[in-house]
Each structure stands twice: as structure tokens, then as C-alpha cells.
$ cat work_16.cif   # mmCIF, C-alpha atoms and all ligand atoms
data_upload
loop_
_atom_site.label_atom_id
_atom_site.label_comp_id
_atom_site.auth_asym_id
_atom_site.auth_seq_id
_atom_site.Cartn_x
_atom_site.Cartn_y
_atom_site.Cartn_z
CA MET W 1 -3.85 7.44 17.65
CA GLU W 2 -0.27 6.84 16.50
CA VAL W 3 0.59 3.16 16.45
CA LYS W 4 3.75 2.25 18.42
CA ASN W 5 3.31 -1.39 19.40
CA ILE W 6 2.42 -4.05 16.87
CA THR W 7 1.60 -7.66 17.69
CA VAL W 8 1.70 -10.31 14.99
CA LEU W 9 -0.22 -13.53 15.56
CA GLY W 10 1.29 -16.55 13.80
CA ALA W 11 5.04 -16.96 13.29
CA GLY W 12 4.88 -18.80 9.97
CA THR W 13 5.92 -17.66 6.50
CA MET W 14 3.83 -14.48 6.50
CA GLY W 15 3.78 -13.73 10.25
CA HIS W 16 7.53 -13.77 10.79
CA GLY W 17 8.04 -11.57 7.70
CA ILE W 18 5.46 -9.03 8.91
CA ALA W 19 7.08 -8.91 12.37
CA GLN W 20 10.48 -8.47 10.67
CA ALA W 21 9.15 -5.54 8.61
CA ALA W 22 7.73 -3.98 11.80
CA VAL W 23 10.93 -4.12 13.87
CA GLN W 24 13.07 -3.07 10.90
CA ALA W 25 10.87 0.01 10.58
CA GLY W 26 11.38 0.92 14.26
CA PHE W 27 8.17 -0.43 15.81
CA ASP W 28 8.20 -2.55 18.95
CA ALA W 29 6.72 -5.88 17.96
CA VAL W 30 5.57 -9.05 19.66
CA LEU W 31 5.53 -12.25 17.63
CA TYR W 32 2.97 -14.68 19.04
CA ASP W 33 2.27 -18.31 18.24
CA ILE W 34 0.68 -21.19 20.09
CA SER W 35 3.90 -23.08 20.81
CA ALA W 36 7.44 -22.13 21.82
CA GLU W 37 8.73 -24.19 18.91
CA PHE W 38 6.76 -22.11 16.37
CA VAL W 39 7.75 -18.70 17.79
CA GLU W 40 11.40 -19.72 18.11
CA LYS W 41 11.40 -20.92 14.53
CA GLY W 42 9.86 -17.62 13.36
CA ALA W 43 12.34 -15.53 15.39
CA ALA W 44 15.24 -17.64 14.05
CA ARG W 45 14.11 -16.91 10.48
CA ILE W 46 14.14 -13.18 11.25
CA LYS W 47 17.62 -13.42 12.78
CA LYS W 48 18.90 -15.41 9.79
CA SER W 49 17.50 -12.91 7.30
CA LEU W 50 19.05 -9.95 9.19
CA ALA W 51 22.38 -11.76 9.62
CA LYS W 52 22.47 -12.26 5.85
CA ARG W 53 22.06 -8.52 5.35
CA VAL W 54 24.93 -7.93 7.82
CA GLU W 55 27.06 -10.42 5.86
CA LYS W 56 26.29 -8.56 2.62
CA GLY W 57 27.31 -5.26 4.27
CA LYS W 58 23.78 -3.87 3.97
CA LEU W 59 23.22 -3.63 7.73
CA ALA W 60 25.63 -2.90 10.60
CA GLN W 61 25.93 -5.42 13.44
CA ASP W 62 24.72 -2.86 16.01
CA GLN W 63 21.72 -2.00 13.79
CA MET W 64 20.83 -5.69 13.68
CA GLU W 65 21.06 -5.89 17.46
CA ALA W 66 18.85 -2.80 17.83
CA ILE W 67 16.27 -4.31 15.45
CA LEU W 68 16.26 -7.61 17.32
CA GLY W 69 16.00 -5.70 20.61
CA ARG W 70 12.60 -4.43 19.47
CA LEU W 71 11.30 -7.98 18.91
CA LYS W 72 9.63 -9.95 21.70
CA THR W 73 8.11 -13.40 21.39
CA SER W 74 5.18 -14.86 23.29
CA THR W 75 2.98 -17.91 23.55
CA ASN W 76 0.49 -16.16 25.86
CA LEU W 77 -2.17 -14.33 23.85
CA ALA W 78 -3.31 -12.01 26.67
CA GLU W 79 0.29 -10.94 27.37
CA ALA W 80 1.11 -10.62 23.68
CA VAL W 81 -1.70 -8.17 22.89
CA LYS W 82 -2.14 -6.24 26.12
CA ASN W 83 -0.03 -3.23 24.94
CA ALA W 84 -0.74 -3.60 21.24
CA ASP W 85 -2.03 -0.61 19.28
CA PHE W 86 -2.30 -2.69 16.11
CA VAL W 87 -2.65 -6.46 15.84
CA VAL W 88 -1.98 -8.32 12.58
CA GLU W 89 -3.32 -11.86 12.56
CA ALA W 90 -1.48 -14.25 10.21
CA VAL W 91 -2.69 -17.68 11.35
CA PRO W 92 -3.80 -20.46 8.95
CA GLU W 93 -6.61 -19.67 6.50
CA ASN W 94 -9.53 -21.09 8.47
CA LEU W 95 -12.52 -18.80 9.01
CA ASP W 96 -13.68 -20.46 12.25
CA LEU W 97 -10.18 -20.19 13.71
CA LYS W 98 -9.88 -16.53 12.73
CA LYS W 99 -13.33 -15.71 14.14
CA LYS W 100 -12.43 -17.41 17.42
CA ILE W 101 -9.18 -15.45 17.66
CA PHE W 102 -10.87 -12.13 16.82
CA ALA W 103 -13.55 -12.73 19.46
CA GLU W 104 -10.74 -13.27 22.00
CA LEU W 105 -8.79 -10.23 20.78
CA ASP W 106 -11.90 -8.12 21.19
CA LYS W 107 -11.91 -8.98 24.90
CA LEU W 108 -8.14 -8.84 25.47
CA CYS W 109 -7.08 -5.71 23.55
CA LYS W 110 -7.36 -2.06 24.57
CA PRO W 111 -10.61 -0.48 23.31
CA GLU W 112 -8.75 1.64 20.71
CA THR W 113 -6.65 -1.23 19.27
CA ILE W 114 -7.07 -1.83 15.53
CA LEU W 115 -7.42 -5.48 14.56
CA ALA W 116 -6.13 -6.57 11.16
CA THR W 117 -6.21 -9.90 9.38
CA ASN W 118 -3.65 -10.94 6.78
CA THR W 119 -6.10 -13.28 5.07
CA SER W 120 -5.57 -13.63 1.33
CA VAL W 121 -8.74 -15.64 0.83
CA LEU W 122 -11.40 -15.16 3.49
CA SER W 123 -14.03 -12.48 4.02
CA VAL W 124 -12.65 -9.73 6.25
CA THR W 125 -16.26 -8.66 6.91
CA ALA W 126 -16.97 -12.14 8.33
CA VAL W 127 -13.87 -11.96 10.55
CA ALA W 128 -14.88 -8.46 11.77
CA GLY W 129 -18.33 -9.87 12.55
CA ALA W 130 -16.84 -11.93 15.39
CA THR W 131 -16.01 -8.75 17.31
CA SER W 132 -17.97 -5.95 18.95
CA ARG W 133 -15.63 -3.45 17.26
CA LYS W 134 -16.60 -4.16 13.65
CA ASP W 135 -15.60 -0.61 12.66
CA GLN W 136 -12.03 -1.19 13.93
CA VAL W 137 -11.18 -4.20 11.77
CA VAL W 138 -9.39 -4.20 8.40
CA GLY W 139 -7.48 -6.59 6.20
CA THR W 140 -3.75 -5.97 5.75
CA HIS W 141 -2.76 -8.30 2.94
CA PHE W 142 1.03 -8.60 2.76
CA PHE W 143 2.90 -10.41 0.00
CA ASN W 144 5.48 -13.12 0.29
CA PRO W 145 8.28 -12.50 1.29
CA ALA W 146 6.59 -9.97 3.57
CA ALA W 147 9.79 -8.30 4.76
CA VAL W 148 10.71 -7.48 1.15
CA MET W 149 7.54 -6.97 -0.89
CA LYS W 150 6.42 -3.34 -0.88
CA LEU W 151 2.67 -3.73 -1.40
CA VAL W 152 0.04 -4.10 1.29
CA GLU W 153 -3.60 -4.31 0.21
CA ILE W 154 -5.77 -2.61 2.83
CA ILE W 155 -9.04 -4.51 2.69
CA CYS W 156 -12.02 -2.43 3.75
CA PRO W 157 -14.80 -4.62 5.13
CA VAL W 158 -18.43 -3.52 5.22
CA GLY W 159 -18.74 -1.11 8.15
CA ALA W 160 -15.06 -0.18 8.58
CA ALA W 161 -14.64 3.34 9.96
CA ASP W 162 -12.72 5.82 7.77
CA LYS W 163 -10.49 6.48 10.79
CA THR W 164 -9.57 2.78 11.00
CA VAL W 165 -8.61 2.67 7.32
CA GLU W 166 -6.62 5.90 7.74
CA ILE W 167 -4.66 4.49 10.69
CA ALA W 168 -4.00 1.24 8.80
CA MET W 169 -2.78 3.15 5.72
CA ASP W 170 -0.53 5.36 7.86
CA THR W 171 0.87 2.41 9.84
CA MET W 172 1.71 0.50 6.65
CA LYS W 173 3.47 3.58 5.21
CA ARG W 174 5.51 3.87 8.42
CA LEU W 175 6.33 0.18 7.99
CA GLY W 176 7.96 1.09 4.67
CA LYS W 177 5.14 -0.35 2.59
CA THR W 178 2.94 1.09 -0.15
CA PRO W 179 -0.67 0.50 0.94
CA ILE W 180 -3.61 0.59 -1.46
CA LYS W 181 -7.31 0.37 -0.57
CA VAL W 182 -9.56 -2.36 -1.93
CA LYS W 183 -13.13 -3.41 -1.14
CA ASP W 184 -13.61 -6.74 0.61
CA THR W 185 -14.16 -8.92 -2.46
CA PRO W 186 -12.63 -12.38 -3.14
CA GLY W 187 -9.04 -12.22 -4.43
CA PHE W 188 -8.84 -8.49 -3.67
CA ILE W 189 -6.67 -7.09 -6.51
CA VAL W 190 -3.45 -9.08 -6.80
CA ASN W 191 -4.76 -12.61 -6.32
CA ARG W 192 -7.79 -11.87 -8.53
CA LEU W 193 -5.36 -10.97 -11.34
CA LEU W 194 -2.81 -13.70 -10.59
CA GLY W 195 -5.47 -16.45 -10.54
CA PRO W 196 -6.16 -16.54 -14.31
CA LEU W 197 -2.38 -16.49 -14.90
CA TYR W 198 -1.88 -19.56 -12.69
CA MET W 199 -4.85 -21.30 -14.35
CA THR W 200 -3.65 -20.62 -17.91
CA ALA W 201 -0.09 -21.73 -17.09
CA ALA W 202 -1.43 -25.03 -15.65
CA GLN W 203 -3.60 -25.61 -18.74
CA MET W 204 -0.57 -25.03 -20.98
CA VAL W 205 1.38 -27.63 -18.98
CA LEU W 206 -1.55 -30.08 -19.28
CA ASP W 207 -1.89 -29.45 -23.03
CA GLY W 208 1.83 -29.93 -23.56
CA THR W 209 2.05 -26.43 -25.06
CA ALA W 210 5.36 -25.95 -23.22
CA THR W 211 7.09 -27.17 -20.07
CA ALA W 212 6.56 -25.40 -16.75
CA GLU W 213 10.20 -24.38 -16.86
CA ASP W 214 9.85 -22.83 -20.33
CA ILE W 215 6.61 -21.06 -19.34
CA ASP W 216 8.47 -19.56 -16.37
CA THR W 217 11.42 -18.53 -18.54
CA ALA W 218 9.01 -16.98 -21.04
CA MET W 219 7.30 -14.79 -18.46
CA LYS W 220 10.56 -13.81 -16.74
CA LEU W 221 12.44 -12.89 -19.90
CA GLY W 222 9.50 -11.93 -22.11
CA ALA W 223 7.30 -10.07 -19.66
CA GLY W 224 9.79 -8.99 -16.98
CA HIS W 225 8.13 -10.91 -14.14
CA PRO W 226 10.58 -11.67 -11.27
CA MET W 227 9.23 -15.22 -11.05
CA GLY W 228 7.35 -17.26 -13.66
CA PRO W 229 3.71 -18.34 -12.99
CA CYS W 230 4.60 -21.96 -12.15
CA GLU W 231 7.37 -20.94 -9.72
CA LEU W 232 5.03 -18.36 -8.21
CA ALA W 233 2.22 -20.92 -7.86
CA ASP W 234 4.70 -23.21 -6.08
CA PHE W 235 5.68 -20.28 -3.84
CA GLY W 236 2.04 -19.52 -2.94
CA GLY W 237 1.05 -23.15 -2.32
CA PHE W 238 -1.55 -25.12 -4.28
CA ASP W 239 -3.88 -25.56 -1.28
CA VAL W 240 -3.96 -21.78 -0.80
CA ILE W 241 -4.49 -21.25 -4.54
CA GLN W 242 -7.37 -23.76 -4.47
CA MET W 243 -9.11 -21.88 -1.63
CA ALA W 244 -8.53 -18.52 -3.31
CA GLN W 245 -9.74 -19.64 -6.75
CA ASP W 246 -12.81 -21.38 -5.38
CA SER W 247 -13.84 -18.20 -3.56
CA VAL W 248 -13.10 -15.96 -6.57
CA PHE W 249 -15.03 -18.30 -8.89
CA GLU W 250 -17.99 -18.38 -6.53
CA TYR W 251 -18.03 -14.57 -6.81
CA THR W 252 -17.35 -14.03 -10.54
CA HIS W 253 -18.57 -17.27 -12.16
CA SER W 254 -15.99 -16.55 -14.84
CA GLU W 255 -14.44 -19.61 -16.54
CA ALA W 256 -11.04 -17.89 -16.35
CA ASP W 257 -11.25 -18.07 -12.54
CA LYS W 258 -12.23 -21.74 -12.29
CA LEU W 259 -9.60 -23.87 -10.52
CA ASN W 260 -7.62 -25.80 -13.12
CA ILE W 261 -7.83 -29.56 -12.59
CA LEU W 262 -4.04 -29.83 -12.48
CA TYR W 263 -3.92 -28.07 -9.10
CA ARG W 264 -6.53 -30.49 -7.73
CA LYS W 265 -4.51 -33.46 -9.04
CA MET W 266 -1.25 -32.08 -7.63
CA ILE W 267 -2.89 -31.66 -4.19
CA GLU W 268 -4.30 -35.22 -4.42
CA ALA W 269 -0.75 -36.39 -5.20
CA GLY W 270 0.51 -34.67 -2.03
CA ARG W 271 2.25 -31.91 -3.98
CA LEU W 272 1.53 -28.55 -2.32
CA GLY W 273 4.33 -26.44 -3.81
CA PHE W 274 7.47 -25.01 -2.28
CA LYS W 275 6.25 -25.52 1.30
CA ASN W 276 6.59 -29.31 1.05
CA GLY W 277 9.28 -29.28 -1.60
CA LYS W 278 6.96 -30.65 -4.29
CA GLY W 279 5.22 -28.55 -6.92
CA PHE W 280 5.83 -27.88 -10.59
CA TYR W 281 9.41 -28.37 -9.40
CA ASP W 282 11.06 -30.65 -6.88
CA TYR W 283 12.96 -28.52 -4.37
CA LEU W 284 16.13 -30.30 -3.32
CA PRO W 285 17.88 -30.12 0.06
CA ASP W 286 20.88 -28.35 -1.51
CA GLY W 287 18.62 -25.36 -2.40
CA THR W 288 18.38 -26.19 -6.12
CA LYS W 289 15.24 -27.28 -7.96
CA LYS W 290 14.47 -29.56 -10.86
CA PRO W 291 11.33 -29.70 -13.03
CA PHE W 292 8.77 -32.36 -12.06
CA LYS W 293 7.31 -34.42 -14.91
CA VAL W 294 3.55 -34.18 -14.28
CA PHE W 295 2.45 -37.02 -16.61
N1 LIG B 301 12.81 -13.26 3.38
C1 LIG B 301 13.50 -12.10 3.58
N2 LIG B 301 14.22 -11.51 2.62
C2 LIG B 301 14.27 -12.11 1.42
C3 LIG B 301 13.59 -13.30 1.13
C4 LIG B 301 12.84 -13.89 2.18
N3 LIG B 301 12.15 -15.01 2.01
N4 LIG B 301 13.81 -13.65 -0.16
C5 LIG B 301 14.62 -12.69 -0.67
N5 LIG B 301 14.88 -11.77 0.28
C6 LIG B 301 15.69 -10.57 0.12
C7 LIG B 301 17.13 -10.88 -0.17
O1 LIG B 301 17.88 -11.08 1.02
C8 LIG B 301 17.58 -9.66 -0.93
O2 LIG B 301 17.82 -8.62 0.00
P1 LIG B 301 18.91 -7.46 -0.31
O3 LIG B 301 18.43 -6.76 -1.54
O4 LIG B 301 18.89 -6.60 0.90
O5 LIG B 301 20.19 -8.18 -0.52
C9 LIG B 301 16.33 -9.27 -1.74
O6 LIG B 301 15.21 -9.87 -1.05
C10 LIG B 301 16.37 -9.79 -3.16
O7 LIG B 301 16.57 -11.20 -3.08
P2 LIG B 301 17.54 -12.03 -4.02
O8 LIG B 301 18.60 -11.11 -4.57
O9 LIG B 301 17.98 -13.25 -3.31
O10 LIG B 301 16.61 -12.59 -5.17
P3 LIG B 301 15.66 -11.83 -6.14
O11 LIG B 301 16.20 -10.50 -6.57
O12 LIG B 301 15.33 -12.85 -7.15
O13 LIG B 301 14.35 -11.54 -5.27
C11 LIG B 301 12.19 -12.14 -4.63
C12 LIG B 301 13.65 -12.54 -4.62
C13 LIG B 301 12.01 -10.82 -3.85
C14 LIG B 301 11.40 -13.23 -3.93
C15 LIG B 301 11.74 -11.95 -6.13
O14 LIG B 301 12.00 -13.14 -6.83
C16 LIG B 301 10.31 -11.58 -6.30
O15 LIG B 301 9.93 -10.42 -6.18
N6 LIG B 301 9.45 -12.61 -6.59
C17 LIG B 301 8.03 -12.42 -6.77
C18 LIG B 301 7.39 -12.57 -5.43
C19 LIG B 301 5.91 -12.35 -5.53
O16 LIG B 301 5.35 -12.10 -6.57
N7 LIG B 301 5.28 -12.46 -4.37
C20 LIG B 301 3.87 -12.35 -4.30
C21 LIG B 301 3.31 -13.72 -4.30
S1 LIG B 301 1.54 -13.68 -4.22
C22 LIG B 301 1.28 -13.49 -2.59
O17 LIG B 301 2.12 -13.41 -1.74
C23 LIG B 301 -0.16 -13.38 -2.29
C24 LIG B 301 -0.67 -14.25 -1.24
O18 LIG B 301 -1.84 -14.15 -1.00
C25 LIG B 301 0.15 -15.22 -0.48
#
$ encode --input "work_16.cif" --output "C-alpha cells"
Amino acid sequence: MEVKNITVLGAGTMGHGIAQAAVQAGFDAVLYDISAEFVEKGAARIKKSLAKRVEKGKLAQDQMEAILGRLKTSTNLAEAVKNADFVVEAVPENLDLKKKIFAELDKLCKPETILATNTSVLSVTAVAGATSRKDQVVGTHFFNPAAVMKLVEIICPVGAADKTVEIAMDTMKRLGKTPIKVKDTPGFIVNRLLGPLYMTAAQMVLDGTATAEDIDTAMKLGAGHPMGPCELADFGGFDVIQMAQDSVFEYTHSEADKLNILYRKMIEAGRLGFKNGKGFYDYLPDGTKKPFKVF
């Protein structure tokens, strides 16, 4: 089967970026969310991102219109997935919610449709377990911003058919991404490696070894990272990092993977990172940021 129609469930940070990557690559895509407000917001973010590329001279106006012409939005799940060859779910990280959606998809989608979850934290095997097509489910873990970042981790749950993994790999390549295969284990590859970096950076802030800003500068200029660990932790969101680290720690029992207390304290203080404008930095309405003094 060659995938032509992709449906993305969830129009938030990851979902809208995945839909953008799909239509930019020439697929027809439907962006679904539970309310008109959410889908419109997601579609507006795609339009804004493409308009910026037109402004910069990187995309012609008619190309932008063609790309947007391939994007449909929907708040009706049955309608949204009825023609889908490949569904990518990018709803909030809640296993019960994902299982409920996958059970519905199983009934609503064509028998050959591949179902993918963009979870960065949860067991893909558990999500697949909610369907009667356990061999046709994979994880497609995109990275933020999804329209830009080249990597997609293809998570292979227990029982996935080779054919399913092959179609997922091929579809991600056609989407302009570089897919790599990884077994369904907590953190997969990237978050498993990033976790200890986030934890060590937080401990250094707590110890007063250096400021968050200087730690970020050090890793950008000394190690060539595009963003420092504190900025990147803000970008990912502390609540998401907490869920990810707890599940990795439960698996590895390695001290290096244990959630640093600073993230717990930040969450208790209502600081979730970039998403609510409060993390290691305060994100100001004018688009600038200033370091937050933790203690
Ligand atoms: N949406 C769409 N496009 C975006 C974007 C966004 N949110 N942010 C940046 N871009 C585009 C820009 O428009 C620009 O496009 P052109 O080259 O066509 O002009 C390009 O990306 C580069 O952007 P900038 O020049 O503005 O800035 P930059 O060079 O500093 O790049 C960045 C920005 C791509 C975000 C870069 O800082 C970076 O790579 N950061 C690291 C991101 C990262 O590590 N992500 C993974 C996080 S972990 C994760 O996602 C796992 C998980 O489970 C959630």
C-alpha cells in the first residue's frame, strides 16, 4: 500500500507541525481536533509558518496556496479518518485517552489503515492493545518543531508486522524525514539520552555551579548544541519531562534517570516551561526572554 492520505489527530504543538510536514511533502492531510477553536488555531499556525517562508523568499505564493489546498480540517472523527491510509495521533499524553481513541479508530478506519501514535512517553504496545489490528500500529515520534526537525523515531511495539514498520519508514521518508527504528522502551533513543542532560543541568542550577543561562551558553558554544539544556527543557515542558523521566527511571532504575527535584518544584510553582511562559526563563510578550531566579 502506498500512503496518500494522512490524518493527524490533535492540532496542538506537535499535531499542527506534523500536518504541516505532510502537506508540504505533497500528501493530502486532514487535521482533526475536538473543537473548531483548536483546529482553527492549528491551521492558523501552519498558515503563519508558511507565510513567513513566503516573506523570506523561500516559498512562492502559489506554492503556499497549493500546500494549503491539500490541508483539510475536521472536528468529526469518523469523517476525518474515513479516507486515511495513515493516521498519526498527537493528542495529550494520557494512556486512557489514547487507548479510547485507538479503539474508535479501529472501528472507523479502513482495514488496511496504519495507526501511529506520536507519544514520547507512553507504551506504544499498550496503545496497540486497544485495537484488533495490533500488527498495524507503530509509534512515529516527531521532534519539536515537527515541520523542521528531520528525525522521526519509528517505535516498534511488540507484535508489529514488518510490513507495517516498512510502510511507516517509507511514509516518513516521503514526508522528508529521516526515520530510525527503535524498540518500544521508555524514552526511546532521544529522550532517554536527553533525560540525564536535563537532570544534570537542573542539579547544576540547584548547586549554584552556574546559572541556567551560562549552562545554555556553554552547551551551545562549547558543544555545538542548537539550544542549551535549560532552554530545551523549557521547550519540552516540565510536566512532559516529569512523565518521561518517571517512566525511564521505572525501567532503568539508574540514578542518572531519576527526576531532579527542581523540575518537581518548578511544576509545583506553576512553571511548566515555554508553554506557559514560565520555566528556567520568563518568556515575555515581546518575544524576548529573561532568566528566572529559582531561589
Ligand atoms: N515551526 C515551524 N518552523 C519553525 C519553527 C516552528 N516552531 N521554529 C523555527 N522554524 C523554522 C524557521 O522558520 C526557519 O526556517 P527557514 O530555514 O526556512 O527560514 C528554520 O526553522 C530555522 O529557524 P530560525 O532561523 O528561526 O532559528 P534556528 O536556526 O535557531 O532554529 C530551531 C530553530 C530549529 C528550533 C533550533 O533552535 C533547533 O534545532 N533547536 C533544537 C530543537 C530540538 O532539539 N528539538 C527536540 C526537542 S526534544 C523533543 O521534541 C522530544 C519530545 O518528545 C517532545
$ atom_distance --input "work_16.cif" --atom1 "atom CA of Gly228 of chain W" --atom2 "atom CA of Thr288 of chain W"
16.1 Å
$ axis_aligned_box --input "work_16.cif" --around "ligand LIG 301 (chain B)" --padding-each-side "5 Å" --output "JSON"
{"center_x": 9.2, "center_y": -10.9, "center_z": -1.8, "size_x": 32.0, "size_y": 18.6, "size_z": 20.7}
$ residues_near_ligand --input "work_16.cif" --ligand "ligand LIG 301 (chain B)" --cutoff "8 Å" --atoms "only C-alpha atoms and all ligand atoms" --output "JSON, numbers by chain"
{"W": [14, 17, 46, 49, 52, 53, 56, 58, 119, 120, 121, 141, 142, 143, 144, 145, 146, 147, 148, 149, 190, 191, 194, 225, 226, 227, 232, 235, 236, 240]}
$ closest_atom_pairs --input "work_16.cif" --of "segment 144-219 of chain W" --to "segment 4-7 of chain W" --cutoff "12 Å" --atoms "all atoms listed in the file" --output "JSON lines"
{"residue": "W:Ile167", "atom": "CA", "partner": "W:Lys4", "partner_atom": "CA", "distance": 11.6}
{"residue": "W:Ala168", "atom": "CA", "partner": "W:Ile6", "partner_atom": "CA", "distance": 11.6}
{"residue": "W:Asp170", "atom": "CA", "partner": "W:Lys4", "partner_atom": "CA", "distance": 11.8}
{"residue": "W:Thr171", "atom": "CA", "partner": "W:Lys4", "partner_atom": "CA", "distance": 9.1}
{"residue": "W:Met172", "atom": "CA", "partner": "W:Ile6", "partner_atom": "CA", "distance": 11.2}
{"residue": "W:Arg174", "atom": "CA", "partner": "W:Lys4", "partner_atom": "CA", "distance": 10.3}
{"residue": "W:Leu175", "atom": "CA", "partner": "W:Ile6", "partner_atom": "CA", "distance": 10.6}
$ closest_residue --input "work_16.cif" --among "W:Glu55, W:Glu231, W:Glu255, W:Val127" --to "Tyr283 of chain W" --atoms "only C-alpha atoms"
W:Glu231
$ closest_residue --input "work_16.cif" --among "W:Gly129, W:Gly42, W:Gly176, W:Gly10" --to "Lys150 of chain W" --atoms "all atoms listed in the file"
W:Gly176
$ atom_distance --input "work_16.cif" --atom1 "atom CA of Glu89 of chain W" --atom2 "atom CA of Glu250 of chain W"
24.9 Å
$ atom_distance --input "work_16.cif" --atom1 "atom CA of Asp106 of chain W" --atom2 "atom CA of Arg133 of chain W"
7.2 Å
$ closest_residue --input "work_16.cif" --among "W:Ala11, W:Ala244, W:Thr200, W:Met64" --to "Ile261 of chain W" --atoms "all atoms listed in the file"
W:Thr200
$ residues_around --input "work_16.cif" --residues "Ala36 of chain W" --least-positions-apart "4" --cutoff "12 Å" --atoms "only C-alpha atoms" --output "count of residues only"
13
$ residues_around --input "work_16.cif" --residues "Tyr251 of chain W" --least-positions-apart "5" --cutoff "9 Å" --atoms "all atoms listed in the file" --output "list of chain:residue names"
W:Thr185, W:Pro186, W:Asp246
$ closest_residue --input "work_16.cif" --among "W:Glu2, W:Pro196, W:Pro229, W:Ala22" --to "Lys177 of chain W" --atoms "all atoms listed in the file"
W:Ala22
$ residues_around --input "work_16.cif" --residues "segment 96-99 of chain W" --least-positions-apart "5" --cutoff "10 Å" --atoms "all atoms listed in the file" --output "short mmCIF file (atom, residue, chain, number, x, y, z; two decimals) with C-alpha atoms, in the frame of the given file"
data_model
loop_
_atom_site.label_atom_id
_atom_site.label_comp_id
_atom_site.auth_asym_id
_atom_site.auth_seq_id
_atom_site.Cartn_x
_atom_site.Cartn_y
_atom_site.Cartn_z
CA GLU W 89 -3.32 -11.86 12.56
CA ALA W 90 -1.48 -14.25 10.21
CA VAL W 91 -2.69 -17.68 11.35
CA GLU W 104 -10.74 -13.27 22.00
CA LEU W 105 -8.79 -10.23 20.78
CA THR W 117 -6.21 -9.90 9.38
CA THR W 119 -6.10 -13.28 5.07
CA LEU W 122 -11.40 -15.16 3.49
CA VAL W 124 -12.65 -9.73 6.25
CA ALA W 126 -16.97 -12.14 8.33
CA VAL W 127 -13.87 -11.96 10.55
CA ALA W 128 -14.88 -8.46 11.77
CA GLY W 129 -18.33 -9.87 12.55
CA ALA W 130 -16.84 -11.93 15.39
CA THR W 131 -16.01 -8.75 17.31
#
$ closest_residue --input "work_16.cif" --among "W:Met199, W:Ala103, W:Val248, W:Val3" --to "Glu166 of chain W" --atoms "only C-alpha atoms"
W:Val3
$ build_atoms --input "work_16.cif" --residues "segment 121-141 of chain W" --atoms "N, CA and C atoms" --output "PDB file, in the coordinates of the input"
ATOM      1  N   VAL W 121      -7.667 -14.842   1.416  1.00  0.00           N
ATOM      2  CA  VAL W 121      -8.740 -15.640   0.830  1.00  0.00           C
ATOM      3  C   VAL W 121     -10.108 -15.352   1.453  1.00  0.00           C
ATOM      4  N   LEU W 122     -10.120 -15.168   2.765  1.00  0.00           N
ATOM      5  CA  LEU W 122     -11.400 -15.160   3.490  1.00  0.00           C
ATOM      6  C   LEU W 122     -12.023 -13.766   3.553  1.00  0.00           C
ATOM      7  N   SER W 123     -13.309 -13.744   3.913  1.00  0.00           N
ATOM      8  CA  SER W 123     -14.030 -12.480   4.020  1.00  0.00           C
ATOM      9  C   SER W 123     -13.600 -11.736   5.288  1.00  0.00           C
ATOM     10  N   VAL W 124     -13.066 -10.541   5.093  1.00  0.00           N
ATOM     11  CA  VAL W 124     -12.650  -9.730   6.250  1.00  0.00           C
ATOM     12  C   VAL W 124     -13.905  -9.276   7.008  1.00  0.00           C
ATOM     13  N   THR W 125     -14.990  -9.066   6.273  1.00  0.00           N
ATOM     14  CA  THR W 125     -16.260  -8.660   6.910  1.00  0.00           C
ATOM     15  C   THR W 125     -16.728  -9.760   7.872  1.00  0.00           C
ATOM     16  N   ALA W 126     -16.559 -11.030   7.457  1.00  0.00           N
ATOM     17  CA  ALA W 126     -16.970 -12.140   8.330  1.00  0.00           C
ATOM     18  C   ALA W 126     -16.079 -12.210   9.572  1.00  0.00           C
ATOM     19  N   VAL W 127     -14.787 -11.945   9.401  1.00  0.00           N
ATOM     20  CA  VAL W 127     -13.870 -11.960  10.550  1.00  0.00           C
ATOM     21  C   VAL W 127     -14.239 -10.817  11.509  1.00  0.00           C
ATOM     22  N   ALA W 128     -14.500  -9.627  10.945  1.00  0.00           N
ATOM     23  CA  ALA W 128     -14.880  -8.460  11.770  1.00  0.00           C
ATOM     24  C   ALA W 128     -16.158  -8.753  12.554  1.00  0.00           C
ATOM     25  N   GLY W 129     -17.042  -9.548  11.942  1.00  0.00           N
ATOM     26  CA  GLY W 129     -18.330  -9.870  12.550  1.00  0.00           C
ATOM     27  C   GLY W 129     -18.202 -10.625  13.868  1.00  0.00           C
ATOM     28  N   ALA W 130     -17.036 -11.193  14.131  1.00  0.00           N
ATOM     29  CA  ALA W 130     -16.840 -11.930  15.390  1.00  0.00           C
ATOM     30  C   ALA W 130     -16.526 -10.989  16.547  1.00  0.00           C
ATOM     31  N   THR W 131     -16.391  -9.693  16.253  1.00  0.00           N
ATOM     32  CA  THR W 131     -16.010  -8.750  17.310  1.00  0.00           C
ATOM     33  C   THR W 131     -17.152  -7.762  17.581  1.00  0.00           C
ATOM     34  N   SER W 132     -16.996  -7.020  18.680  1.00  0.00           N
ATOM     35  CA  SER W 132     -17.970  -5.950  18.950  1.00  0.00           C
ATOM     36  C   SER W 132     -17.417  -4.620  18.463  1.00  0.00           C
ATOM     37  N   ARG W 133     -16.247  -4.674  17.803  1.00  0.00           N
ATOM     38  CA  ARG W 133     -15.630  -3.450  17.260  1.00  0.00           C
ATOM     39  C   ARG W 133     -15.477  -3.589  15.743  1.00  0.00           C
ATOM     40  N   LYS W 134     -16.615  -3.864  15.098  1.00  0.00           N
ATOM     41  CA  LYS W 134     -16.600  -4.160  13.650  1.00  0.00           C
ATOM     42  C   LYS W 134     -16.036  -3.009  12.836  1.00  0.00           C
ATOM     43  N   ASP W 135     -16.128  -1.768  13.387  1.00  0.00           N
ATOM     44  CA  ASP W 135     -15.600  -0.610  12.660  1.00  0.00           C
ATOM     45  C   ASP W 135     -14.090  -0.449  12.836  1.00  0.00           C
ATOM     46  N   GLN W 136     -13.477  -1.299  13.677  1.00  0.00           N
ATOM     47  CA  GLN W 136     -12.030  -1.190  13.930  1.00  0.00           C
ATOM     48  C   GLN W 136     -11.264  -2.395  13.390  1.00  0.00           C
ATOM     49  N   VAL W 137     -11.829  -3.022  12.366  1.00  0.00           N
ATOM     50  CA  VAL W 137     -11.180  -4.200  11.770  1.00  0.00           C
ATOM     51  C   VAL W 137     -10.918  -3.925  10.288  1.00  0.00           C
ATOM     52  N   VAL W 138      -9.718  -4.296   9.841  1.00  0.00           N
ATOM     53  CA  VAL W 138      -9.390  -4.200   8.400  1.00  0.00           C
ATOM     54  C   VAL W 138      -8.623  -5.453   7.993  1.00  0.00           C
ATOM     55  N   GLY W 139      -8.417  -5.591   6.698  1.00  0.00           N
ATOM     56  CA  GLY W 139      -7.480  -6.590   6.200  1.00  0.00           C
ATOM     57  C   GLY W 139      -6.186  -5.877   5.854  1.00  0.00           C
ATOM     58  N   THR W 140      -5.056  -6.477   6.223  1.00  0.00           N
ATOM     59  CA  THR W 140      -3.750  -5.970   5.750  1.00  0.00           C
ATOM     60  C   THR W 140      -3.121  -7.149   5.019  1.00  0.00           C
ATOM     61  N   HIS W 141      -3.240  -7.151   3.704  1.00  0.00           N
ATOM     62  CA  HIS W 141      -2.760  -8.300   2.940  1.00  0.00           C
ATOM     63  C   HIS W 141      -1.336  -8.036   2.458  1.00  0.00           C
TER      64      HIS W 141
END
